[in-house]
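**Student:** Input structure: run-v5.tsv, which contains TSV, C-alpha atoms.
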chain	number	residue	atom	x	y	z
A	1	MET	CA	26.26	5.46	6.62
A	2	ALA	CA	24.81	2.88	4.27
A	3	VAL	CA	21.12	2.04	4.21
A	4	PRO	CA	20.39	-1.29	5.98
A	5	LEU	CA	20.20	-4.26	3.66
A	6	SER	CA	16.61	-4.89	4.71
A	7	CYS	CA	15.65	-1.52	3.25
A	8	ARG	CA	17.68	-1.96	0.08
A	9	SER	CA	16.05	-5.30	-0.64
A	10	LEU	CA	12.62	-3.64	-0.65
A	11	LEU	CA	13.67	-1.44	-3.54
A	12	LEU	CA	15.00	-3.95	-6.05
A	13	ALA	CA	11.70	-4.76	-7.72
A	14	PHE	CA	10.52	-1.16	-7.51
A	15	LEU	CA	13.61	0.28	-9.19
A	16	ALA	CA	13.52	-2.29	-11.99
A	17	ALA	CA	9.85	-1.58	-12.67
A	18	SER	CA	10.41	2.18	-12.56
A	19	THR	CA	13.24	1.99	-15.09
A	20	ALA	CA	11.11	-0.03	-17.49
A	21	ALA	CA	8.18	2.37	-17.13
A	22	ALA	CA	10.37	5.42	-17.73
A	23	ALA	CA	11.66	3.87	-20.95
A	24	GLN	CA	8.13	3.32	-22.23
A	25	THR	CA	6.36	6.61	-21.35
A	26	VAL	CA	7.07	10.32	-21.58
A	27	PRO	CA	5.65	12.02	-18.49
A	28	ASP	CA	3.57	15.16	-18.72
A	29	GLU	CA	5.98	17.51	-16.98
A	30	ASP	CA	3.57	20.45	-16.88
A	31	GLN	CA	0.98	18.38	-15.05
A	32	ARG	CA	3.66	16.95	-12.78
A	33	ARG	CA	4.96	20.40	-11.82
A	34	SER	CA	1.40	21.53	-11.13
A	35	LEU	CA	0.76	18.56	-8.87
A	36	ILE	CA	3.99	19.18	-6.95
A	37	ALA	CA	3.04	22.84	-6.51
A	38	ASP	CA	-0.36	21.74	-5.18
A	39	ALA	CA	1.36	19.28	-2.81
A	40	GLU	CA	3.69	21.97	-1.46
A	41	ALA	CA	0.79	24.40	-1.00
A	42	ALA	CA	-1.19	21.76	0.90
A	43	ARG	CA	1.87	20.97	3.03
A	44	ASP	CA	2.36	24.64	3.92
A	45	ALA	CA	-1.33	24.85	4.88
A	46	GLY	CA	-1.00	21.82	7.15
A	47	LEU	CA	-3.20	19.66	4.88
A	48	HIS	CA	-0.90	16.66	4.91
A	49	GLU	CA	-3.34	14.10	3.50
A	50	GLN	CA	-3.94	16.33	0.49
A	51	ALA	CA	-0.20	16.92	0.12
A	52	VAL	CA	0.44	13.19	-0.01
A	53	ALA	CA	-2.36	12.63	-2.53
A	54	HIS	CA	-1.01	15.30	-4.91
A	55	ALA	CA	2.58	14.12	-4.52
A	56	LEU	CA	1.70	10.48	-5.18
A	57	ARG	CA	-0.12	11.50	-8.37
A	58	ALA	CA	2.99	13.40	-9.45
A	59	GLY	CA	5.05	10.31	-8.71
A	60	GLN	CA	2.89	8.28	-11.07
A	61	LEU	CA	4.27	10.51	-13.81
A	62	ARG	CA	7.89	10.54	-12.62
A	63	TRP	CA	9.65	10.01	-9.32
A	64	THR	CA	12.74	11.94	-8.22
A	65	PRO	CA	14.63	11.82	-4.92
A	66	SER	CA	13.20	15.21	-3.92
A	67	LEU	CA	9.64	14.02	-4.54
A	68	HIS	CA	10.25	10.90	-2.44
A	69	MET	CA	11.62	13.22	0.27
A	70	LEU	CA	8.46	15.35	0.17
A	71	VAL	CA	6.24	12.27	0.50
A	72	ALA	CA	8.37	10.85	3.32
A	73	GLU	CA	8.19	14.12	5.27
A	74	GLU	CA	4.41	14.28	4.85
A	75	PHE	CA	3.99	10.68	6.02
A	76	ILE	CA	6.04	11.61	9.10
A	77	ALA	CA	3.62	14.48	9.73
A	78	LEU	CA	0.76	11.96	9.48
A	79	GLN	CA	2.55	9.54	11.85
A	80	ARG	CA	2.62	6.86	9.15
A	81	GLY	CA	6.17	5.73	9.80
A	82	ALA	CA	6.34	2.59	7.64
A	83	GLU	CA	5.36	4.52	4.51
A	84	ALA	CA	7.73	7.35	5.45
A	85	LEU	CA	10.55	4.83	5.76
A	86	GLU	CA	9.81	3.33	2.37
A	87	HIS	CA	9.92	6.69	0.57
A	88	ALA	CA	12.91	7.95	2.56
A	89	THR	CA	14.83	4.83	1.57
A	90	ARG	CA	13.95	5.27	-2.10
A	91	CYS	CA	15.01	8.90	-1.81
A	92	PHE	CA	18.35	7.99	-0.22
A	93	VAL	CA	19.22	5.17	-2.62
A	94	THR	CA	18.30	7.05	-5.81
A	95	ALA	CA	20.02	10.28	-4.71
A	96	GLU	CA	23.22	8.44	-3.81
A	97	ALA	CA	23.17	6.69	-7.20
A	98	ASP	CA	22.85	9.95	-9.19
A	99	PRO	CA	25.55	12.60	-8.66
A	100	GLY	CA	23.57	15.01	-10.86
A	101	VAL	CA	20.63	15.37	-8.45
A	102	ARG	CA	20.02	19.00	-7.49
A	103	ASN	CA	20.53	19.80	-3.80
A	104	ARG	CA	21.84	16.25	-3.48
A	105	ALA	CA	23.63	16.65	-0.14
A	106	ARG	CA	20.60	18.24	1.53
A	107	ILE	CA	18.23	15.58	0.15
A	108	ILE	CA	20.49	12.73	1.24
A	109	ALA	CA	20.84	14.20	4.73
A	110	ALA	CA	17.09	14.75	5.13
A	111	CYS	CA	16.16	11.24	3.97
A	112	ARG	CA	18.93	9.66	6.04
A	113	ALA	CA	17.52	11.45	9.10
A	114	ILE	CA	14.04	10.01	8.45
A	115	ILE	CA	15.51	6.51	8.05
A	116	ASP	CA	17.44	6.85	11.32
A	117	LEU	CA	14.29	8.09	13.09
A	118	VAL	CA	11.87	5.43	11.86
A	119	GLU	CA	13.96	2.30	11.22
A	120	PRO	CA	14.31	1.39	14.95
A	121	GLN	CA	10.49	1.43	15.28
A	122	VAL	CA	9.75	-0.78	12.29
A	123	GLY	CA	9.45	-4.53	11.90
A	124	ARG	CA	8.67	-6.67	8.86
A	125	LEU	CA	5.55	-8.67	8.13
A	126	ARG	CA	5.52	-11.51	5.63
A	127	LEU	CA	2.20	-13.02	4.56
A	128	LEU	CA	2.51	-16.71	3.66
A	129	LEU	CA	-0.02	-17.24	0.88
A	130	PRO	CA	-1.11	-20.40	-0.95
A	131	ASP	CA	0.70	-21.12	-4.22
A	132	SER	CA	-2.46	-20.11	-6.11
A	133	PRO	CA	-4.30	-17.44	-4.11
A	134	PRO	CA	-7.91	-16.64	-5.11
A	135	ALA	CA	-8.10	-14.56	-8.28
A	136	GLY	CA	-10.31	-11.87	-6.72
A	137	LEU	CA	-8.31	-11.56	-3.51
A	138	ARG	CA	-7.58	-8.15	-1.94
A	139	LEU	CA	-5.23	-7.74	1.03
A	140	ARG	CA	-4.92	-4.82	3.44
A	141	VAL	CA	-2.38	-4.20	6.19
A	142	ASN	CA	-3.38	-1.60	8.77
A	143	GLY	CA	-6.11	-0.37	6.45
A	144	LEU	CA	-3.86	0.13	3.40
A	145	GLU	CA	-4.23	-2.13	0.37
A	146	LEU	CA	-1.14	-4.24	-0.29
A	147	PRO	CA	-0.31	-4.31	-4.02
A	148	ARG	CA	-0.30	-7.78	-5.56
A	149	ALA	CA	3.36	-7.33	-6.58
A	150	ARG	CA	4.30	-7.15	-2.88
A	151	TRP	CA	2.17	-9.97	-1.49
A	152	ARG	CA	5.19	-12.20	-0.89
A	153	ASP	CA	7.54	-9.46	0.36
A	154	ALA	CA	8.45	-8.79	3.96
A	155	VAL	CA	6.75	-5.40	4.11
A	156	PRO	CA	7.70	-2.75	6.67
A	157	VAL	CA	5.15	-2.26	9.45
A	158	MET	CA	5.32	-0.15	12.58
A	159	SER	CA	5.89	-2.26	15.67
A	160	GLY	CA	2.76	-3.29	17.56
A	161	ALA	CA	-0.45	-5.02	16.56
A	162	ALA	CA	-0.85	-5.08	12.77
A	163	VAL	CA	-4.35	-5.61	11.36
A	164	ILE	CA	-4.54	-7.86	8.30
A	165	GLU	CA	-7.75	-8.01	6.25
A	166	ALA	CA	-8.69	-10.01	3.17
A	167	ASP	CA	-11.77	-9.96	0.97
A	168	GLY	CA	-12.75	-10.06	-2.66
A	169	GLU	CA	-14.89	-11.96	-5.10
A	170	GLY	CA	-15.10	-15.61	-4.11
A	171	VAL	CA	-13.29	-15.00	-0.79
A	172	ALA	CA	-14.82	-15.10	2.69
A	173	VAL	CA	-14.04	-11.88	4.59
A	174	PHE	CA	-11.01	-12.40	6.84
A	175	ARG	CA	-9.62	-10.17	9.59
A	176	THR	CA	-6.95	-10.86	12.17
A	177	THR	CA	-4.08	-9.21	14.03
A	178	VAL	CA	-0.44	-10.18	14.38
A	179	GLN	CA	2.17	-8.73	16.71
A	180	VAL	CA	5.09	-7.10	14.92
A	181	PHE	CA	8.33	-6.38	16.79
A	182	ALA	CA	10.82	-3.67	15.88
A	183	GLY	CA	13.83	-5.04	14.03
A	184	ALA	CA	12.27	-8.49	13.59
A	185	GLU	CA	10.24	-10.29	10.93
A	186	SER	CA	6.82	-11.73	11.72
A	187	GLU	CA	4.91	-14.21	9.56
A	188	LEU	CA	1.24	-14.95	9.10
A	189	ARG	CA	0.03	-17.96	7.16
A	190	MET	CA	-3.08	-17.10	5.17
A	191	ARG	CA	-5.81	-19.63	4.41
A	192	PHE	CA	-8.89	-18.68	2.46
A	193	THR	CA	-12.37	-20.14	2.22
A	194	GLU	CA	-15.25	-19.43	-0.10
A	195	PRO	CA	-18.03	-17.25	1.28
A	196	PRO	CA	-21.13	-19.09	2.52
A	197	PRO	CA	-23.99	-19.51	0.02
A	198	PRO	CA	-26.77	-16.95	0.18
A	199	PRO	CA	-29.70	-17.87	2.43
A	200	PRO	CA	-32.74	-19.43	0.72
A	201	ILE	CA	-35.52	-17.10	-0.31
A	202	ALA	CA	-38.15	-16.99	2.43
A	203	VAL	CA	-41.68	-17.97	1.43
A	204	ASP	CA	-44.62	-16.58	3.39
A	205	ALA	CA	-46.41	-19.67	4.72
A	206	GLY	CA	-49.64	-17.71	5.14
A	207	VAL	CA	-50.08	-17.13	1.44
A	208	ARG	CA	-51.37	-20.08	-0.55
A	209	PRO	CA	-51.97	-20.25	-4.27
A	210	PRO	CA	-55.66	-20.30	-5.24
A	211	ALA	CA	-57.21	-23.74	-5.64
A	212	PRO	CA	-58.00	-24.72	-9.21
A	213	THR	CA	-61.65	-24.40	-10.17
A	214	SER	CA	-63.49	-27.24	-11.85
A	215	SER	CA	-66.42	-26.75	-14.17
A	216	SER	CA	-69.51	-28.93	-13.91
A	217	PRO	CA	-69.96	-31.47	-16.72
A	218	ARG	CA	-72.57	-30.49	-19.23
Represent the supplied structure as structure tokens.

**Tutor:**
Amino acid sequence: MAVPLSCRSLLLAFLAASTAAAAQTVPDEDQRRSLIADAEAARDAGLHEQAVAHALRAGQLRWTPSLHMLVAEEFIALQRGAEALEHATRCFVTAEADPGVRNRARIIAACRAIIDLVEPQVGRLRLLLPDSPPAGLRLRVNGLELPRARWRDAVPVMSGAAVIEADGEGVAVFRTTVQVFAGAESELRMRFTEPPPPPPIAVDAGVRPPAPTSSSPR
């Protein structure tokens, strides 16, 4: 079964950026293997947050389908379905594209199973931003920062009430919710204002400067 087009479209920019990065840098494989070993040890101990943290650091060096699978499985354990779907889709697409992947059939089957489990529970959220958003803007969806490169994407979000927050230098703090429905795309138009000016400095009315003294003429 092919991955839904909505999932494939999420990967286009990511795969292009990953290819360019791989051409420019040589990953530290020893460090990467150590991080993966730490992630697997944390997973086996039931420390899923730690497992994700180690695995994501390993992915910053080099991603493989099996590493995406590990991250997807850990996000499932943490009940973070949208992130599990994203990594499972990357796992599935990259494994299908590379016949040389070790344990390819098992990896494809595992990631396909995660996609089939989570996809029916996920909707898409698109934030409609001004043409020139504030330079210091930060956006979060359900508590997770949304990278600038994905601000205009329809990002996967678990169905239900999604919490959108914005802040940053020169931006008034903004927080709202939007209802996201499984299999549908929701939109939220974002408008930003500058934060209010700081209050004036209070002066104690009971304190008065000393009166000037005058000297008698001689």

**Student:** Give me the residues within 7 Å of stretch 174-177 of chain A as a ChimeraX atom specification, counting all atoms listed in the file and dropping any in the same chain fewer than 4 places off.

**Tutor:** /A:161-167

**Student:** Between A:Leu144, A:Ala82, A:Ala97, A:Val71, which residue has the minimum interatomic distance to A:Leu117, considering only C-alpha atoms?

**Tutor:**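 With only C-alpha atoms as the atom set, the closest residue is A:Ala82.
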
**Student:** Do a neighbour search on A:Arg80 at 12 Å with all atoms listed in the file, toss out local chain neighbours closer than 2 positions, and write the hits as an mmCIF file with C-alpha atoms, keeping the file's coordinate frame.

**Tutor:**
data_model
loop_
_atom_site.group_PDB
_atom_site.id
_atom_site.type_symbol
_atom_site.label_atom_id
_atom_site.label_comp_id
_atom_site.auth_asym_id
_atom_site.auth_seq_id
_atom_site.Cartn_x
_atom_site.Cartn_y
_atom_site.Cartn_z
ATOM 1 C CA HIS A 48 -0.900 16.660 4.910
ATOM 2 C CA GLU A 49 -3.340 14.100 3.500
ATOM 3 C CA VAL A 52 0.440 13.190 -0.010
ATOM 4 C CA VAL A 71 6.240 12.270 0.500
ATOM 5 C CA ALA A 72 8.370 10.850 3.320
ATOM 6 C CA GLU A 73 8.190 14.120 5.270
ATOM 7 C CA GLU A 74 4.410 14.280 4.850
ATOM 8 C CA PHE A 75 3.990 10.680 6.020
ATOM 9 C CA ILE A 76 6.040 11.610 9.100
ATOM 10 C CA ALA A 77 3.620 14.480 9.730
ATOM 11 C CA LEU A 78 0.760 11.960 9.480
ATOM 12 C CA ALA A 82 6.340 2.590 7.640
ATOM 13 C CA GLU A 83 5.360 4.520 4.510
ATOM 14 C CA ALA A 84 7.730 7.350 5.450
ATOM 15 C CA LEU A 85 10.550 4.830 5.760
ATOM 16 C CA GLU A 86 9.810 3.330 2.370
ATOM 17 C CA HIS A 87 9.920 6.690 0.570
ATOM 18 C CA ILE A 114 14.040 10.010 8.450
ATOM 19 C CA VAL A 118 11.870 5.430 11.860
ATOM 20 C CA GLN A 121 10.490 1.430 15.280
ATOM 21 C CA VAL A 122 9.750 -0.780 12.290
ATOM 22 C CA ASN A 142 -3.380 -1.600 8.770
ATOM 23 C CA GLY A 143 -6.110 -0.370 6.450
ATOM 24 C CA LEU A 144 -3.860 0.130 3.400
ATOM 25 C CA PRO A 156 7.700 -2.750 6.670
ATOM 26 C CA VAL A 157 5.150 -2.260 9.450
ATOM 27 C CA MET A 158 5.320 -0.150 12.580
ATOM 28 C CA SER A 159 5.890 -2.260 15.670
#

**Student:** Which one is closest to A:Ala41: A:Gly170, A:Leu70, A:Gly123, A:Arg62? Count all atoms listed in the file.

**Tutor:**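 For A:Ala41, the nearest of the given residues is A:Leu70.
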
**Student:** So, with all atoms listed in the file as the atoms that count, which of A:Leu125, A:Ala182, A:Thr64, A:Glu119 lies closest to A:Glu96?

**Tutor:**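 For A:Glu96, the nearest of the candidates is A:Thr64.
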
**Student:** Please compute the atom CA of A:Arg90-atom CA of A:Cys111 distance, one decimal, in Å.

**Tutor:**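 Result for atom CA of A:Arg90 versus atom CA of A:Cys111: 8.8 Å, one decimal.
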
**Student:** In Å, with one decimal, what is the gap from atom CA of A:Ala55 to atom CA of A:Gln79?

**Tutor:**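 One can read the atom CA of A:Ala55 to atom CA of A:Gln79 distance as 17.0 Å.
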